[in-house]
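> PDB, C-alpha atoms, file final.pdb:
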MODEL        1
ATOM      1  CA  MET J 194      27.469   3.231 -30.077
ATOM      2  CA  ASP J 195      24.057   2.564 -28.510
ATOM      3  CA  SER J 196      23.529   4.002 -25.095
ATOM      4  CA  ALA J 197      21.342   2.467 -22.405
ATOM      5  CA  PRO J 198      17.991   4.135 -21.805
ATOM      6  CA  GLU J 199      18.114   6.822 -19.136
ATOM      7  CA  LYS J 200      17.061   5.590 -15.701
ATOM      8  CA  HIS J 201      14.270   7.546 -14.039
ATOM      9  CA  PRO J 202      13.661   7.876 -10.309
ATOM     10  CA  GLU J 203      12.190   4.667  -8.879
ATOM     11  CA  TYR J 204       8.846   6.407  -8.148
ATOM     12  CA  GLY J 205       7.240   9.427  -9.750
ATOM     13  CA  VAL J 206       4.931  10.787 -12.401
ATOM     14  CA  PHE J 207       5.444   9.584 -15.962
ATOM     15  CA  PRO J 208       7.103  12.250 -18.122
ATOM     16  CA  ALA J 209       4.033  13.474 -20.070
ATOM     17  CA  GLU J 210       5.617  13.847 -23.511
ATOM     18  CA  GLU J 211       7.304  10.464 -23.317
ATOM     19  CA  ALA J 212       4.106   8.800 -22.101
ATOM     20  CA  ARG J 213       2.102  10.305 -25.002
ATOM     21  CA  ARG J 214       4.360   8.853 -27.664
ATOM     22  CA  LEU J 215       4.423   5.309 -26.232
ATOM     23  CA  THR J 216       1.752   2.669 -26.587
ATOM     24  CA  GLY J 217       0.364   1.517 -23.253
ATOM     25  CA  TYR J 218       2.198  -1.773 -23.642
ATOM     26  CA  GLU J 219       5.520   0.000 -24.293
ATOM     27  CA  LEU J 220       4.941   2.263 -21.302
ATOM     28  CA  PHE J 221       4.385  -0.635 -18.876
ATOM     29  CA  GLN J 222       7.310  -2.605 -20.283
ATOM     30  CA  ARG J 223       9.492   0.405 -19.443
ATOM     31  CA  VAL J 224       8.048   0.636 -15.936
ATOM     32  CA  LEU J 225       8.782  -3.069 -15.458
ATOM     33  CA  ILE J 226      12.452  -2.715 -16.460
ATOM     34  CA  GLY J 227      12.902   0.560 -14.569
ATOM     35  CA  THR J 228      13.355   3.076 -17.379
ATOM     36  CA  LEU J 229      10.088   4.788 -16.379
ATOM     37  CA  PRO J 230       9.159   5.440 -12.745
ATOM     38  CA  ARG J 231       6.705   3.356 -10.752
ATOM     39  CA  ALA J 232       3.471   5.095  -9.746
ATOM     40  CA  LEU J 233       3.597   6.888  -6.411
ATOM     41  CA  ILE J 234       0.610   4.897  -5.074
ATOM     42  CA  SER J 235       2.723   1.739  -5.341
ATOM     43  CA  ARG J 236       5.230   3.253  -2.915
ATOM     44  CA  THR J 237       2.484   4.227  -0.471
ATOM     45  CA  LEU J 238       0.838   0.785  -0.462
ATOM     46  CA  GLU J 239       4.048  -1.159  -1.168
ATOM     47  CA  PHE J 240       3.087  -3.084  -4.284
ATOM     48  CA  GLU J 241       4.946  -3.521  -7.531
ATOM     49  CA  LEU J 242       4.433  -4.419 -11.147
ATOM     50  CA  THR J 243       5.658  -7.982 -11.739
ATOM     51  CA  GLU J 244       4.280  -9.018 -15.158
ATOM     52  CA  VAL J 245       3.113  -7.258 -18.322
ATOM     53  CA  GLU J 246       1.552  -8.680 -21.472
ATOM     54  CA  LYS J 247      -0.834  -7.083 -23.927
ATOM     55  CA  GLY J 248      -4.167  -7.192 -22.118
ATOM     56  CA  ARG J 249      -2.743  -8.573 -18.857
ATOM     57  CA  VAL J 250      -0.932  -6.999 -15.896
ATOM     58  CA  VAL J 251       0.090  -8.432 -12.518
ATOM     59  CA  PHE J 252       0.956  -6.522  -9.337
ATOM     60  CA  ALA J 253       2.253  -8.066  -6.099
ATOM     61  CA  GLY J 254       2.206  -6.678  -2.580
ATOM     62  CA  ARG J 255       2.355  -7.674   1.042
ATOM     63  CA  PRO J 256      -0.487  -6.486   3.316
ATOM     64  CA  ARG J 257       0.770  -4.838   6.512
ATOM     65  CA  ILE J 258      -0.734  -3.994   9.880
ATOM     66  CA  ASP J 259      -0.431  -0.324   8.806
ATOM     67  CA  PHE J 260      -3.307  -1.026   6.395
ATOM     68  CA  TYR J 261      -5.684  -2.364   9.081
ATOM     69  CA  ASN J 262      -9.211  -1.109   9.634
ATOM     70  CA  PRO J 263     -10.674  -0.810  13.174
ATOM     71  CA  ILE J 264     -11.952  -4.417  13.188
ATOM     72  CA  GLY J 265      -8.514  -6.001  12.820
ATOM     73  CA  SER J 266      -8.028  -6.851   9.163
ATOM     74  CA  VAL J 267      -6.597  -5.095   6.131
ATOM     75  CA  HIS J 268      -8.945  -2.366   4.892
ATOM     76  CA  GLY J 269     -10.897  -3.328   1.771
ATOM     77  CA  GLY J 270      -9.451  -0.302   0.023
ATOM     78  CA  TYR J 271      -6.103  -2.078  -0.178
ATOM     79  CA  ALA J 272      -7.555  -4.948  -2.237
ATOM     80  CA  ALA J 273      -9.686  -2.496  -4.252
ATOM     81  CA  THR J 274      -6.619  -0.405  -5.096
ATOM     82  CA  LEU J 275      -4.607  -3.411  -6.274
ATOM     83  CA  LEU J 276      -7.558  -4.616  -8.354
ATOM     84  CA  ASP J 277      -8.275  -1.162  -9.823
ATOM     85  CA  SER J 278      -4.585  -0.829 -10.677
ATOM     86  CA  CYS J 279      -4.172  -4.221 -12.351
ATOM     87  CA  MET J 280      -7.406  -3.898 -14.349
ATOM     88  CA  GLY J 281      -6.782  -0.307 -15.455
ATOM     89  CA  CYS J 282      -3.178  -1.002 -16.380
ATOM     90  CA  ALA J 283      -4.249  -4.110 -18.337
ATOM     91  CA  VAL J 284      -6.597  -1.846 -20.308
ATOM     92  CA  HIS J 285      -3.768   0.663 -20.791
ATOM     93  CA  THR J 286      -1.565  -2.045 -22.376
ATOM     94  CA  MET J 287      -4.106  -2.290 -25.206
ATOM     95  CA  LEU J 288      -4.107   1.442 -26.006
ATOM     96  CA  PRO J 289      -2.216   3.107 -28.856
ATOM     97  CA  ALA J 290       0.164   5.986 -28.280
ATOM     98  CA  GLY J 291      -1.566   9.257 -27.448
ATOM     99  CA  THR J 292      -4.508   7.535 -25.763
ATOM    100  CA  GLY J 293      -5.505   7.457 -22.095
ATOM    101  CA  TYR J 294      -8.232   5.973 -19.942
ATOM    102  CA  THR J 295     -10.040   6.509 -16.666
ATOM    103  CA  THR J 296     -12.106   4.177 -14.515
ATOM    104  CA  LEU J 297     -15.852   4.732 -14.944
ATOM    105  CA  GLU J 298     -16.915   2.053 -12.470
ATOM    106  CA  ILE J 299     -15.484  -0.772 -10.415
ATOM    107  CA  LYS J 300     -17.264  -3.656  -8.677
ATOM    108  CA  VAL J 301     -15.324  -5.573  -6.023
ATOM    109  CA  ASN J 302     -16.278  -8.821  -4.269
ATOM    110  CA  TYR J 303     -14.324  -9.695  -1.126
ATOM    111  CA  ASP J 304     -13.904 -13.446  -0.646
ATOM    112  CA  ARG J 305     -11.242 -13.789   2.055
ATOM    113  CA  ALA J 306      -9.938 -11.333   4.650
ATOM    114  CA  LEU J 307      -6.371 -10.075   4.316
ATOM    115  CA  THR J 308      -4.160  -9.697   7.398
ATOM    116  CA  GLU J 309      -0.507  -8.985   8.031
ATOM    117  CA  ASN J 310      -0.034 -12.796   8.053
ATOM    118  CA  THR J 311      -1.517 -13.325   4.573
ATOM    119  CA  GLY J 312       1.888 -12.975   2.963
ATOM    120  CA  LEU J 313       2.466 -11.906  -0.614
ATOM    121  CA  VAL J 314      -0.689 -11.244  -2.632
ATOM    122  CA  ARG J 315      -0.950 -11.161  -6.425
ATOM    123  CA  ALA J 316      -3.459  -9.018  -8.340
ATOM    124  CA  GLU J 317      -3.982 -10.127 -11.936
ATOM    125  CA  GLY J 318      -5.913  -7.965 -14.379
ATOM    126  CA  LYS J 319      -7.148  -9.155 -17.784
ATOM    127  CA  VAL J 320      -8.914  -7.189 -20.499
ATOM    128  CA  LEU J 321     -12.333  -8.478 -21.535
ATOM    129  CA  THR J 322     -13.077  -5.909 -24.264
ATOM    130  CA  ALA J 323     -11.080  -2.999 -25.644
ATOM    131  CA  GLY J 324     -13.055  -0.650 -27.879
ATOM    132  CA  LYS J 325     -12.322   2.849 -29.136
ATOM    133  CA  ARG J 326     -14.310   4.506 -26.308
ATOM    134  CA  ILE J 327     -15.007   1.808 -23.696
ATOM    135  CA  ALA J 328     -12.925  -1.047 -22.306
ATOM    136  CA  THR J 329     -13.780  -3.660 -19.682
ATOM    137  CA  ALA J 330     -11.529  -5.853 -17.559
ATOM    138  CA  GLU J 331     -11.616  -8.316 -14.713
ATOM    139  CA  GLY J 332      -9.232  -8.693 -11.801
ATOM    140  CA  ARG J 333      -8.476 -11.405  -9.279
ATOM    141  CA  LEU J 334      -6.507 -11.089  -6.052
ATOM    142  CA  PHE J 335      -4.793 -14.270  -4.798
ATOM    143  CA  ASP J 336      -2.897 -15.001  -1.587
ATOM    144  CA  SER J 337       0.442 -16.834  -1.396
ATOM    145  CA  GLU J 338      -1.395 -20.182  -1.374
ATOM    146  CA  ASN J 339      -3.218 -19.208  -4.601
ATOM    147  CA  ARG J 340      -6.565 -18.812  -2.809
ATOM    148  CA  LEU J 341      -8.940 -16.199  -4.226
ATOM    149  CA  CYS J 342      -9.209 -13.263  -1.795
ATOM    150  CA  ALA J 343     -11.176 -10.810  -3.968
ATOM    151  CA  HIS J 344     -12.301 -10.350  -7.548
ATOM    152  CA  ALA J 345     -13.556  -7.368  -9.521
ATOM    153  CA  THR J 346     -14.703  -5.967 -12.833
ATOM    154  CA  THR J 347     -14.246  -2.507 -14.273
ATOM    155  CA  THR J 348     -15.458  -0.319 -17.095
ATOM    156  CA  CYS J 349     -13.013   2.281 -18.403
ATOM    157  CA  LEU J 350     -13.511   5.328 -20.618
ATOM    158  CA  VAL J 351     -10.893   5.550 -23.393
ATOM    159  CA  PHE J 352      -9.962   8.989 -24.780
ATOM    160  CA  PRO J 353      -7.269  10.853 -26.741
ATOM    161  CA  LEU J 354      -4.647  12.619 -24.626
TER     162      LEU J 354
ENDMDL
END
Translate the structure of the given file into structure tokens.

Amino acid sequence: MDSAPEKHPEYGVFPAEEARRLTGYELFQRVLIGTLPRALISRTLEFELTEVEKGRVVFAGRPRIDFYNPIGSVHGGYAATLLDSCMGCAVHTMLPAGTGYTTLEIKVNYDRALTENTGLVRAEGKVLTAGKRIATAEGRLFDSENRLCAHATTTCLVFPL
């Protein structure tokens, strides 16, 4: 008799040994269905993984007044975090088991201010190149009316775990 995969806490750190033996795509599929925990940063900033394909990841979140800067809009770090997350995770979906990555650089352009009234935002990351040592990706952040709010590019270092 097959048993269902063990459920993990909703948020947490990936179990290291399990994460090492999964491809990046397998890892994010398991996060999506709830058999691996969501990253703790997604609890803090209230965003969640909504779509996963090889080379593409989407997160969704709702900006809140708690994320405001002193001038009355959502701090740019909120958009940057969603973009860094979707781009990095898109890169991760292309990696074989036993391989990790880290962001080397990120460039963000802000096109439209976010406020608590923006509604649900969607951050979509897509891989541009995925080599053995370097990967690049682009990200776009859209509001609920599908207007571009920010876009970014990243370069990631790929390495064995």
> Written as a ChimeraX atom specification, what is the full residue list that the PyMOL selection byres ((chain J and resi 300-309) around 10) yields on the file shown?
/J:255-261,265-273,276-277,298-299,310-314,331-336,340-348
> Once the PyMOL selection byres ((chain J and resi 286) around 9) has been evaluated on this model, what residues remain selected, and can you format them as number ranges by chain?
J: 216-221, 245-250, 281-285, 287-289
> Would you list the contacts of Thr274 in chain J as a ChimeraX atom specification, taking every protein, DNA or RNA residue within 10 Å and counting all atoms listed in the file, but skipping same-chain residues closer than 6 positions in sequence?
/J:234-235,238,280,316
> Rounded to one decimal, what separation in Å do you get between CA of Thr237 in chain J and CA of Ala209 in chain J?
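According to the coordinates, CA of Thr237 in chain J and CA of Ala209 in chain J are separated by 21.7 Å.
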> Translate the PyMOL selection byres ((chain J and resi 230) around 7) into a concrete residue list for this structure, as a ChimeraX atom specification.
/J:201-207,224,227-229,231-232
> What is the distance, in Å and to one decimal place, between CA of Glu210 in chain J and CA of Lys319 in chain J?
26.9 Å
> Could you please determine the separation between CA of Ala253 in chain J and CA of Val320 in chain J in Å, to one decimal place?
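Answer for the CA of Ala253 in chain J to CA of Val320 in chain J separation: 18.2 Å.
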> Can you work out which one of J:Ile264, J:Ile226, J:Leu354, J:Ala330 has the shortest atom-to-atom distance to Arg214 in chain J, counting all atoms listed in the file?
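Of the candidates, the smallest distance to Arg214 in chain J is held by J:Leu354.
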> Which of these residues is nearest to Thr243 in chain J, using only C-alpha atoms: J:Ser337, J:Gln222, J:Thr329, J:Thr295?
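Counting only C-alpha atoms, the residue closest to Thr243 in chain J is J:Gln222.
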> Pick out the closest residue to Glu241 in chain J from this set: J:Arg315, J:Thr296, J:Leu215, J:Pro208. Count all atoms listed in the file.
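That would be J:Arg315, the residue with the smallest distance to Glu241 in chain J.
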> Looking at J:Tyr294, J:Phe352, J:Phe240, J:Phe252, which one is nearest to Cys279 in chain J, with distances taken over all atoms listed in the file?
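For Cys279 in chain J, the nearest of the candidates is J:Phe252.
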> For range 247-348 of chain J in the structure I just supplied, write out C-alpha atoms - as a CSV table (one decimal), in the first residue's frame.

chain,number,residue,atom,x,y,z
J,247,LYS,CA,11.0,24.3,-15.3
J,248,GLY,CA,12.6,27.7,-15.7
J,249,ARG,CA,9.6,29.6,-14.5
J,250,VAL,CA,8.2,30.4,-11.0
J,251,VAL,CA,5.3,32.7,-9.9
J,252,PHE,CA,4.7,34.1,-6.4
J,253,ALA,CA,1.7,36.1,-5.4
J,254,GLY,CA,1.3,38.5,-2.5
J,255,ARG,CA,-0.8,41.4,-1.2
J,256,PRO,CA,1.1,44.6,-0.2
J,257,ARG,CA,0.1,45.9,3.2
J,258,ILE,CA,0.4,49.2,5.1
J,259,ASP,CA,2.8,47.3,7.4
J,260,PHE,CA,5.3,47.4,4.5
J,261,TYR,CA,5.1,51.2,4.0
J,262,ASN,CA,8.2,53.5,3.9
J,263,PRO,CA,8.0,57.0,5.4
J,264,ILE,CA,6.7,58.6,2.2
J,265,GLY,CA,3.5,56.6,2.2
J,266,SER,CA,4.0,53.7,-0.2
J,267,VAL,CA,5.2,50.1,0.0
J,268,HIS,CA,8.9,50.0,0.5
J,269,GLY,CA,10.9,49.0,-2.6
J,270,GLY,CA,12.4,46.1,-0.7
J,271,TYR,CA,9.0,44.4,-0.9
J,272,ALA,CA,9.0,44.3,-4.7
J,273,ALA,CA,12.7,43.5,-4.8
J,274,THR,CA,12.2,40.5,-2.5
J,275,LEU,CA,9.4,39.1,-4.6
J,276,LEU,CA,11.5,39.6,-7.7
J,277,ASP,CA,14.6,38.1,-6.2
J,278,SER,CA,12.6,35.2,-5.0
J,279,CYS,CA,10.8,34.4,-8.3
J,280,MET,CA,14.0,34.8,-10.4
J,281,GLY,CA,16.2,32.7,-8.0
J,282,CYS,CA,13.6,30.0,-7.6
J,283,ALA,CA,13.2,29.9,-11.4
J,284,VAL,CA,16.9,29.3,-11.7
J,285,HIS,CA,16.7,26.6,-9.0
J,286,THR,CA,14.1,24.7,-11.0
J,287,MET,CA,16.7,24.2,-13.7
J,288,LEU,CA,19.3,22.7,-11.3
J,289,PRO,CA,20.1,19.0,-10.9
J,290,ALA,CA,20.0,17.3,-7.5
J,291,GLY,CA,22.9,18.3,-5.2
J,292,THR,CA,23.3,21.7,-6.7
J,293,GLY,CA,22.6,25.1,-5.2
J,294,TYR,CA,22.8,28.8,-6.2
J,295,THR,CA,23.1,32.2,-4.8
J,296,THR,CA,22.3,35.7,-6.2
J,297,LEU,CA,25.4,37.5,-7.4
J,298,GLU,CA,23.6,40.6,-8.5
J,299,ILE,CA,20.1,42.0,-9.0
J,300,LYS,CA,18.9,45.0,-10.9
J,301,VAL,CA,15.4,46.3,-10.2
J,302,ASN,CA,13.4,49.0,-12.1
J,303,TYR,CA,10.4,50.4,-10.3
J,304,ASP,CA,7.6,51.4,-12.7
J,305,ARG,CA,4.5,51.9,-10.5
J,306,ALA,CA,4.2,52.5,-6.8
J,307,LEU,CA,2.6,49.8,-4.6
J,308,THR,CA,0.2,50.7,-1.8
J,309,GLU,CA,-2.2,48.8,0.5
J,310,ASN,CA,-4.9,49.4,-2.2
J,311,THR,CA,-2.9,47.8,-5.1
J,312,GLY,CA,-4.4,44.4,-4.3
J,313,LEU,CA,-2.8,41.1,-5.2
J,314,VAL,CA,0.5,41.3,-7.0
J,315,ARG,CA,2.1,38.6,-9.1
J,316,ALA,CA,5.9,38.1,-9.5
J,317,GLU,CA,6.9,36.0,-12.4
J,318,GLY,CA,10.5,34.8,-12.9
J,319,LYS,CA,11.9,33.2,-16.0
J,320,VAL,CA,15.3,31.8,-16.7
J,321,LEU,CA,17.3,33.4,-19.5
J,322,THR,CA,20.4,31.2,-19.4
J,323,ALA,CA,21.3,28.2,-17.1
J,324,GLY,CA,24.9,27.2,-17.3
J,325,LYS,CA,27.1,25.0,-15.1
J,326,ARG,CA,28.4,28.0,-13.1
J,327,ILE,CA,26.3,31.0,-14.0
J,328,ALA,CA,22.6,31.4,-14.6
J,329,THR,CA,20.6,34.6,-15.5
J,330,ALA,CA,16.9,35.3,-15.1
J,331,GLU,CA,14.4,38.1,-15.5
J,332,GLY,CA,11.4,38.9,-13.3
J,333,ARG,CA,8.3,41.0,-13.7
J,334,LEU,CA,5.9,42.2,-11.0
J,335,PHE,CA,2.3,42.8,-12.0
J,336,ASP,CA,-0.7,44.3,-10.1
J,337,SER,CA,-4.2,42.8,-10.1
J,338,GLU,CA,-5.0,44.7,-13.3
J,339,ASN,CA,-1.9,43.2,-15.0
J,340,ARG,CA,0.0,46.5,-15.1
J,341,LEU,CA,3.8,46.2,-14.8
J,342,CYS,CA,4.9,47.6,-11.4
J,343,ALA,CA,8.5,46.6,-11.4
J,344,HIS,CA,10.9,44.4,-13.4
J,345,ALA,CA,14.4,43.0,-12.7
J,346,THR,CA,17.3,40.9,-13.9
J,347,THR,CA,19.6,38.7,-11.9
J,348,THR,CA,22.8,36.8,-12.2
